[in-house]
$ cat final07.tsv   # TSV, C-alpha atoms
chain	number	residue	atom	x	y	z
A	241	MET	CA	68.02	27.54	33.82
A	242	TYR	CA	71.29	29.19	34.86
A	243	LEU	CA	71.91	30.38	31.31
A	244	ILE	CA	68.52	32.11	31.32
A	245	LEU	CA	69.40	33.73	34.65
A	246	LEU	CA	72.75	34.94	33.30
A	247	ILE	CA	71.12	36.36	30.19
A	248	GLY	CA	68.50	38.10	32.34
A	249	ILE	CA	71.16	39.70	34.54
A	250	ALA	CA	73.15	40.75	31.47
A	251	LEU	CA	70.06	42.46	30.06
A	252	ALA	CA	69.43	44.11	33.43
A	253	GLY	CA	73.02	45.36	33.37
A	254	CYS	CA	72.50	46.95	29.97
A	255	LEU	CA	69.31	48.60	31.21
A	256	VAL	CA	71.03	49.93	34.32
A	257	GLN	CA	73.90	51.36	32.25
A	258	TRP	CA	71.42	52.99	29.88
A	259	ASN	CA	69.54	54.46	32.85
A	260	LEU	CA	72.76	55.76	34.39
A	261	LYS	CA	73.84	57.53	31.22
A	262	ASN	CA	70.39	59.06	30.82
A	263	LYS	CA	70.29	60.30	34.43
A	264	PHE	CA	73.78	61.79	34.19
A	265	LYS	CA	72.91	63.48	30.90
A	266	LYS	CA	69.64	64.84	32.32
A	267	TYR	CA	71.23	66.28	35.47
A	268	SER	CA	74.18	67.66	33.51
A	269	ASN	CA	71.71	70.27	32.28
A	270	MET	CA	70.80	71.28	35.83
A	271	TYR	CA	73.33	73.81	37.11
A	272	LEU	CA	74.41	74.80	40.62
A	273	SER	CA	73.64	78.37	41.59
A	274	ASN	CA	77.04	78.81	43.26
A	275	GLY	CA	78.99	77.98	40.09
A	276	MET	CA	81.26	75.45	41.82
A	277	THR	CA	82.85	72.93	39.48
A	278	GLY	CA	83.45	69.28	40.31
A	279	LYS	CA	87.05	70.18	41.16
A	280	ASP	CA	85.87	72.96	43.50
A	281	VAL	CA	83.40	70.63	45.21
A	282	ALA	CA	86.01	67.90	45.78
A	283	GLU	CA	88.64	70.30	47.11
A	284	ARG	CA	86.21	72.03	49.46
A	285	MET	CA	84.90	68.71	50.78
A	286	LEU	CA	88.47	67.57	51.42
A	287	ARG	CA	89.31	70.79	53.28
A	288	GLU	CA	86.20	70.66	55.42
A	289	ASN	CA	87.04	67.10	56.42
A	290	GLY	CA	90.61	68.01	57.35
A	291	ILE	CA	92.25	66.13	54.47
A	292	THR	CA	95.24	67.96	53.01
A	293	ASP	CA	97.25	65.19	51.32
A	294	VAL	CA	94.86	64.30	48.49
A	295	ARG	CA	95.11	65.90	45.03
A	296	VAL	CA	92.20	66.44	42.64
A	297	ILE	CA	93.20	65.89	39.00
A	298	ALA	CA	91.46	65.64	35.62
A	299	THR	CA	91.39	62.39	33.63
A	300	ASN	CA	90.22	61.47	30.14
A	301	GLY	CA	87.16	59.44	29.34
A	302	LEU	CA	83.52	59.15	30.41
A	303	LEU	CA	82.58	57.76	33.84
A	304	THR	CA	86.30	57.28	34.61
A	305	ASP	CA	86.10	59.08	37.95
A	306	ASN	CA	87.89	57.32	40.80
A	307	TYR	CA	89.87	57.68	44.00
A	308	ASN	CA	93.32	56.08	44.13
A	309	PRO	CA	94.37	55.33	47.74
A	310	ILE	CA	97.94	54.49	46.66
A	311	ASN	CA	98.90	57.90	45.29
A	312	ARG	CA	96.05	59.71	47.08
A	313	THR	CA	94.46	61.30	44.05
A	314	ILE	CA	90.87	61.93	43.09
A	315	SER	CA	90.65	61.63	39.32
A	316	LEU	CA	87.63	63.35	37.79
A	317	SER	CA	86.58	62.93	34.17
A	318	GLU	CA	86.62	66.08	32.06
A	319	ASP	CA	82.82	66.42	32.20
A	320	VAL	CA	82.96	66.39	35.99
A	321	TYR	CA	86.22	68.24	36.68
A	322	GLY	CA	85.36	71.55	34.99
A	323	ASN	CA	81.56	71.63	35.05
A	324	TYR	CA	79.22	73.11	37.65
A	325	ASN	CA	76.13	70.98	37.21
A	326	VAL	CA	74.38	68.55	39.57
A	327	THR	CA	76.02	65.48	38.04
A	328	ALA	CA	79.51	66.94	38.44
A	329	ALA	CA	78.88	67.88	42.07
A	330	ALA	CA	77.40	64.48	42.94
A	331	VAL	CA	80.19	62.47	41.29
A	332	ALA	CA	82.95	64.67	42.73
A	333	ALA	CA	81.49	64.42	46.22
A	334	HIS	CA	81.10	60.65	45.87
A	335	GLU	CA	84.75	60.15	44.92
A	336	THR	CA	85.78	62.45	47.76
A	337	GLY	CA	83.70	60.22	50.00
A	338	HIS	CA	86.16	57.43	49.19
A	339	ALA	CA	89.06	59.66	50.20
A	340	ILE	CA	87.31	60.30	53.52
A	341	GLN	CA	86.75	56.57	53.97
A	342	HIS	CA	90.47	56.06	53.45
A	343	ALA	CA	91.38	58.79	55.93
A	344	ARG	CA	88.96	57.35	58.51
A	345	ALA	CA	90.15	53.74	57.94
A	346	TYR	CA	86.69	52.57	56.89
A	347	SER	CA	86.77	48.77	57.34
A	348	PRO	CA	85.10	47.61	54.09
A	349	LEU	CA	87.44	49.86	52.10
A	350	LYS	CA	90.44	48.35	53.89
A	351	MET	CA	89.15	44.86	53.08
A	352	ARG	CA	88.64	45.79	49.43
A	353	SER	CA	92.11	47.31	49.18
A	354	ALA	CA	93.65	44.20	50.72
A	355	LEU	CA	92.00	42.06	48.03
A	356	VAL	CA	93.24	44.15	45.10
A	357	PRO	CA	96.45	42.11	44.45
A	358	VAL	CA	94.44	38.86	44.52
A	359	ILE	CA	91.76	40.30	42.25
A	360	SER	CA	94.38	41.62	39.83
A	361	PHE	CA	95.86	38.12	39.49
A	362	SER	CA	92.46	36.40	39.36
A	363	SER	CA	91.06	38.73	36.71
A	364	GLN	CA	94.09	38.16	34.51
A	365	TRP	CA	94.05	34.37	34.62
A	366	VAL	CA	90.61	33.11	35.67
A	367	THR	CA	89.09	33.02	32.16
A	368	TRP	CA	91.98	30.99	30.75
A	369	ILE	CA	92.06	28.59	33.71
A	370	ILE	CA	88.31	27.94	33.55
A	371	LEU	CA	88.40	27.56	29.77
A	372	GLY	CA	91.29	25.13	30.07
A	373	GLY	CA	89.36	23.20	32.70
A	374	PHE	CA	86.32	22.93	30.44
A	375	LEU	CA	88.39	21.74	27.47
A	376	LEU	CA	90.29	19.13	29.47
A	377	MET	CA	87.17	17.87	31.19
A	378	GLY	CA	85.46	17.59	27.79
A	379	SER	CA	88.28	15.36	26.57
A	380	GLY	CA	88.10	13.19	29.67
A	381	ASN	CA	91.32	14.44	31.24
A	382	LYS	CA	91.05	14.38	35.06
A	383	ILE	CA	93.33	17.40	35.35
A	384	GLY	CA	90.50	19.43	33.88
A	385	SER	CA	88.40	18.98	37.01
A	386	THR	CA	91.23	20.26	39.20
A	387	LEU	CA	91.87	23.18	36.88
A	388	LEU	CA	88.19	24.16	36.89
A	389	LEU	CA	88.11	24.00	40.69
A	390	ILE	CA	91.09	26.37	40.85
A	391	GLY	CA	89.24	28.68	38.47
A	392	ILE	CA	86.16	28.56	40.69
A	393	PHE	CA	88.19	29.63	43.72
A	394	LEU	CA	89.67	32.52	41.75
A	395	TYR	CA	86.24	33.57	40.53
A	396	ALA	CA	84.90	33.30	44.09
A	397	ALA	CA	87.48	35.90	45.12
A	398	ILE	CA	86.25	38.19	42.34
A	399	THR	CA	82.66	37.69	43.51
A	400	LEU	CA	83.61	38.46	47.11
A	401	PHE	CA	85.29	41.63	45.91
A	402	SER	CA	82.10	42.66	44.09
A	403	PHE	CA	80.01	42.28	47.23
A	404	ILE	CA	82.52	44.08	49.46
A	405	THR	CA	82.40	46.92	46.94
A	406	LEU	CA	78.66	47.45	47.60
A	407	PRO	CA	78.89	48.89	51.15
A	408	VAL	CA	81.95	50.92	50.10
A	409	GLU	CA	80.06	52.59	47.26
A	410	ILE	CA	76.83	53.07	49.22
A	411	ASP	CA	78.67	54.62	52.15
A	412	ALA	CA	80.59	56.98	49.85
A	413	SER	CA	77.30	58.18	48.37
A	414	LYS	CA	75.78	58.69	51.83
A	415	ARG	CA	78.77	60.78	52.87
A	416	ALA	CA	78.54	62.75	49.63
A	417	LEU	CA	74.82	63.49	49.92
A	418	ALA	CA	75.04	64.45	53.58
A	419	TRP	CA	77.88	66.88	52.91
A	420	LEU	CA	76.29	68.36	49.78
A	421	SER	CA	73.20	69.19	51.81
A	422	GLU	CA	74.95	70.40	54.97
A	423	SER	CA	77.42	72.57	53.05
A	424	GLY	CA	74.72	74.20	50.97
A	425	ILE	CA	76.18	72.99	47.66
A	426	THR	CA	72.76	71.58	46.83
A	427	ASN	CA	69.41	73.12	47.71
A	428	SER	CA	65.77	72.00	47.75
A	429	HIS	CA	65.77	71.83	43.94
A	430	THR	CA	69.12	70.11	43.32
A	431	TYR	CA	69.45	67.68	46.25
A	432	ALA	CA	66.92	65.14	44.92
A	433	PRO	CA	68.53	65.02	41.44
A	434	ALA	CA	71.98	64.51	43.03
A	435	LYS	CA	70.58	61.66	45.11
A	436	ASP	CA	68.89	60.15	42.05
A	437	ALA	CA	72.13	60.28	40.05
A	438	LEU	CA	74.12	58.51	42.75
A	439	LYS	CA	71.36	55.93	43.21
A	440	ALA	CA	71.50	55.14	39.49
A	441	ALA	CA	75.27	54.68	39.78
A	442	ALA	CA	74.83	52.35	42.78
A	443	TYR	CA	72.58	50.04	40.78
A	444	THR	CA	75.48	49.27	38.45
A	445	TYR	CA	77.45	47.78	41.36
A	446	VAL	CA	74.45	45.76	42.53
A	447	VAL	CA	73.96	44.23	39.08
A	448	ALA	CA	77.69	43.54	38.77
A	449	ALA	CA	77.71	41.69	42.11
A	450	LEU	CA	74.62	39.63	41.23
A	451	SER	CA	76.06	38.81	37.81
A	452	SER	CA	79.31	37.64	39.37
A	453	LEU	CA	77.42	35.48	41.88
A	454	ALA	CA	75.23	33.91	39.20
A	455	THR	CA	78.27	33.12	37.07
A	456	LEU	CA	80.05	31.57	40.06
A	457	ILE	CA	77.03	29.35	40.80
A	458	TYR	CA	76.93	28.35	37.14
A	459	TYR	CA	80.59	27.26	37.21
A	460	ILE	CA	80.03	25.31	40.44
A	461	TRP	CA	76.97	23.63	38.91
A	462	ILE	CA	79.02	22.53	35.88
A	463	TYR	CA	81.85	21.31	38.10
A	464	LEU	CA	79.56	19.21	40.30
A	465	GLY	CA	77.65	17.88	37.29
A	466	ARG	CA	80.79	16.76	35.46
A	467	ARG	CA	82.09	14.96	38.56
A	468	GLU	CA	79.00	12.80	38.93
$ encode --input "final07.tsv" --output "structure tokens"
Amino acid sequence: MYLILLIGIALAGCLVQWNLKNKFKKYSNMYLSNGMTGKDVAERMLRENGITDVRVIATNGLLTDNYNPINRTISLSEDVYGNYNVTAAAVAAHETGHAIQHARAYSPLKMRSALVPVISFSSQWVTWIILGGFLLMGSGNKIGSTLLLIGIFLYAAITLFSFITLPVEIDASKRALAWLSESGITNSHTYAPAKDALKAAAYTYVVAALSSLATLIYYIWIYLGRRE
């Protein structure tokens, strides 16, 4: 049953990613009348929110846009940084929304940032610990049960991180859309596409959180079943 659920979520994830790429490609052909690039949008949004210590830089790759609270940089992928289409404006404003969250000490972002060291460790070791637990339990070694339990706790931290990420991403998009409309960057023709693009991006985080939760439940189910 759980395997079917996991496969279903994995397929949903593929569909969501496909939808995201299609939306971004579609709205990349819809241009802003003011000619502002993603870099221009991010820098103006920062200025209008009184933030002067964040840099906007270009980064390689596709969908690699992010805000780094440690060195206070907004990294925009090449397609976003130098283009003046709806997708570029929406993505740039969204990442700037994270910078505003940081400046305003937005609680969920603070919680997520506090978990980063734990998640970094967990992500590096959880697969090996759980695999080791499975192998040892399969051979009848009691240490395997303890090892799997440790892996479950590490994976639970990853799952918690995924769910904390949801309000952070949704709030950043809300800030982005509100500012894009109020500042006149988008108009009656481009606001809805910008909203649609960010909604498609948000679905990827929802699927990731549900996938993580389903996997965690699956590991717990195995652990409890092997102990009986």
$ residues_around --input "final07.tsv" --residues "stretch 338-350 of chain A" --least-positions-apart "2" --cutoff "8 Å" --atoms "all atoms listed in the file" --output "PyMOL selection string"
chain A and resi 286+289+291+294+307+309+312+314+334-336+352-354+404-405+407-408+412
$ closest_residue --input "final07.tsv" --among "A:Ile369, A:Leu255, A:Met270, A:Ile392" --to "A:Ala440" --atoms "all atoms listed in the file"
A:Leu255
$ closest_residue --input "final07.tsv" --among "A:Ile410, A:Leu420, A:Ile297, A:Val356" --to "A:Ala442" --atoms "all atoms listed in the file"
A:Ile410
$ closest_residue --input "final07.tsv" --among "A:Gly248, A:Ala298, A:Ala333, A:Cys254" --to "A:Glu283" --atoms "all atoms listed in the file"
A:Ala333
$ atom_distance --input "final07.tsv" --atom1 "atom CA of A:Ile398" --atom2 "atom CA of A:Ile359"
5.9 Å
$ atom_distance --input "final07.tsv" --atom1 "atom CA of A:Gly322" --atom2 "atom CA of A:Gly275"
10.4 Å
$ closest_atom_pairs --input "final07.tsv" --of "stretch 307-413 of chain A" --to "stretch 425-439 of chain A" --cutoff "10 Å" --atoms "all atoms listed in the file" --output "tab-separated table"
residue	atom	partner	partner_atom	distance
A:Asn325	CA	A:Thr430	CA	9.3
A:Val326	CA	A:Ala434	CA	5.8
A:Thr327	CA	A:Ala434	CA	6.5
A:Ala328	CA	A:Ala434	CA	9.1
A:Ala329	CA	A:Ala434	CA	7.7
A:Ala330	CA	A:Ala434	CA	5.4
A:Val331	CA	A:Leu438	CA	7.4
A:His334	CA	A:Leu438	CA	7.9
A:Glu409	CA	A:Leu438	CA	9.5
A:Ile410	CA	A:Lys439	CA	8.6
A:Ala412	CA	A:Leu438	CA	9.7
A:Ser413	CA	A:Leu438	CA	6.5
$ closest_residue --input "final07.tsv" --among "A:Leu388, A:Ile249, A:Ala416, A:Leu375" --to "A:Ile462" --atoms "all atoms listed in the file"
A:Leu388
$ decode --input "final07.tsv" --residues "stretch 278-404 of chain A" --atoms "C-alpha atoms" --output "tab-separated table (two decimals), in the first residue's frame"
chain	number	residue	atom	x	y	z
A	278	GLY	CA	15.03	40.18	-13.50
A	279	LYS	CA	18.06	41.98	-12.07
A	280	ASP	CA	16.28	45.35	-12.38
A	281	VAL	CA	13.15	43.99	-10.70
A	282	ALA	CA	15.09	42.51	-7.76
A	283	GLU	CA	17.17	45.65	-7.20
A	284	ARG	CA	14.16	47.96	-7.36
A	285	MET	CA	12.16	45.77	-4.98
A	286	LEU	CA	15.07	45.78	-2.54
A	287	ARG	CA	15.37	49.58	-2.71
A	288	GLU	CA	11.67	50.15	-2.23
A	289	ASN	CA	11.74	47.94	0.86
A	290	GLY	CA	14.72	49.79	2.34
A	291	ILE	CA	17.20	46.94	1.91
A	292	THR	CA	20.66	48.11	0.90
A	293	ASP	CA	22.94	45.25	2.00
A	294	VAL	CA	21.81	42.56	-0.45
A	295	ARG	CA	23.53	41.99	-3.80
A	296	VAL	CA	21.87	40.61	-6.94
A	297	ILE	CA	24.17	38.31	-8.91
A	298	ALA	CA	23.90	35.93	-11.88
A	299	THR	CA	24.35	32.17	-11.50
A	300	ASN	CA	24.60	29.30	-13.96
A	301	GLY	CA	21.94	26.68	-14.51
A	302	LEU	CA	18.17	26.44	-14.90
A	303	LEU	CA	15.83	27.05	-11.95
A	304	THR	CA	18.89	27.71	-9.74
A	305	ASP	CA	17.53	31.00	-8.39
A	306	ASN	CA	17.90	31.44	-4.64
A	307	TYR	CA	18.47	33.84	-1.78
A	308	ASN	CA	21.44	33.18	0.51
A	309	PRO	CA	20.91	34.75	3.97
A	310	ILE	CA	24.52	34.06	4.98
A	311	ASN	CA	26.23	36.24	2.38
A	312	ARG	CA	23.07	38.23	1.59
A	313	THR	CA	22.95	37.58	-2.12
A	314	ILE	CA	20.09	36.96	-4.51
A	315	SER	CA	21.36	34.59	-7.18
A	316	LEU	CA	19.36	34.64	-10.39
A	317	SER	CA	19.79	32.11	-13.19
A	318	GLU	CA	20.92	33.51	-16.52
A	319	ASP	CA	17.42	33.24	-18.02
A	320	VAL	CA	16.05	35.35	-15.18
A	321	TYR	CA	18.91	37.78	-14.53
A	322	GLY	CA	19.07	39.39	-17.98
A	323	ASN	CA	15.57	38.86	-19.39
A	324	TYR	CA	12.53	41.12	-19.20
A	325	ASN	CA	9.70	38.62	-19.44
A	326	VAL	CA	6.97	37.66	-16.97
A	327	THR	CA	8.81	34.58	-15.72
A	328	ALA	CA	11.97	36.57	-14.98
A	329	ALA	CA	10.03	39.25	-13.10
A	330	ALA	CA	8.05	36.72	-11.06
A	331	VAL	CA	11.09	34.63	-10.08
A	332	ALA	CA	13.23	37.68	-9.27
A	333	ALA	CA	10.48	39.18	-7.11
A	334	HIS	CA	9.95	35.84	-5.35
A	335	GLU	CA	13.63	35.52	-4.41
A	336	THR	CA	13.64	39.14	-3.28
A	337	GLY	CA	10.66	38.22	-1.13
A	338	HIS	CA	12.99	35.90	0.79
A	339	ALA	CA	15.44	38.76	1.32
A	340	ILE	CA	12.58	40.84	2.73
A	341	GLN	CA	11.57	37.96	5.00
A	342	HIS	CA	15.14	37.87	6.28
A	343	ALA	CA	15.22	41.62	6.87
A	344	ARG	CA	11.86	41.48	8.68
A	345	ALA	CA	12.87	38.42	10.78
A	346	TYR	CA	10.03	36.30	9.41
A	347	SER	CA	9.61	33.47	11.95
A	348	PRO	CA	9.26	30.44	9.61
A	349	LEU	CA	12.39	31.56	7.73
A	350	LYS	CA	14.29	31.82	11.01
A	351	MET	CA	13.14	28.32	11.95
A	352	ARG	CA	14.20	26.96	8.56
A	353	SER	CA	17.59	28.64	8.78
A	354	ALA	CA	18.14	27.21	12.26
A	355	LEU	CA	17.51	23.71	10.92
A	356	VAL	CA	19.99	23.99	8.03
A	357	PRO	CA	23.00	22.49	9.91
A	358	VAL	CA	20.87	19.55	11.08
A	359	ILE	CA	19.44	19.02	7.61
A	360	SER	CA	22.90	19.18	6.05
A	361	PHE	CA	24.09	16.39	8.36
A	362	SER	CA	20.90	14.36	7.99
A	363	SER	CA	20.86	14.55	4.20
A	364	GLN	CA	24.45	13.37	4.03
A	365	TRP	CA	24.06	10.33	6.27
A	366	VAL	CA	20.39	9.32	6.49
A	367	THR	CA	20.38	7.04	3.42
A	368	TRP	CA	23.42	5.08	4.62
A	369	ILE	CA	22.12	4.79	8.18
A	370	ILE	CA	18.69	3.54	7.07
A	371	LEU	CA	20.24	1.15	4.55
A	372	GLY	CA	22.57	-0.18	7.23
A	373	GLY	CA	19.60	-0.61	9.55
A	374	PHE	CA	17.69	-2.60	6.92
A	375	LEU	CA	20.66	-4.87	6.20
A	376	LEU	CA	21.39	-5.57	9.86
A	377	MET	CA	17.75	-6.16	10.69
A	378	GLY	CA	17.51	-8.56	7.74
A	379	SER	CA	20.39	-10.59	9.16
A	380	GLY	CA	18.81	-10.67	12.61
A	381	ASN	CA	21.23	-8.24	14.23
A	382	LYS	CA	19.47	-6.22	16.96
A	383	ILE	CA	21.69	-3.21	16.28
A	384	GLY	CA	19.85	-2.85	12.99
A	385	SER	CA	16.66	-1.82	14.76
A	386	THR	CA	18.48	0.91	16.68
A	387	LEU	CA	20.23	2.10	13.54
A	388	LEU	CA	16.95	2.29	11.63
A	389	LEU	CA	15.36	4.26	14.47
A	390	ILE	CA	18.21	6.78	14.32
A	391	GLY	CA	17.66	7.03	10.58
A	392	ILE	CA	13.96	7.65	11.14
A	393	PHE	CA	14.70	10.55	13.49
A	394	LEU	CA	17.08	12.06	10.94
A	395	TYR	CA	14.51	11.66	8.17
A	396	ALA	CA	11.85	13.20	10.44
A	397	ALA	CA	14.02	16.31	10.65
A	398	ILE	CA	14.19	16.44	6.85
A	399	THR	CA	10.40	16.08	6.67
A	400	LEU	CA	9.91	18.86	9.21
A	401	PHE	CA	12.19	21.06	7.13
A	402	SER	CA	10.07	20.36	4.04
A	403	PHE	CA	6.89	21.45	5.78
A	404	ILE	CA	8.44	24.57	7.30
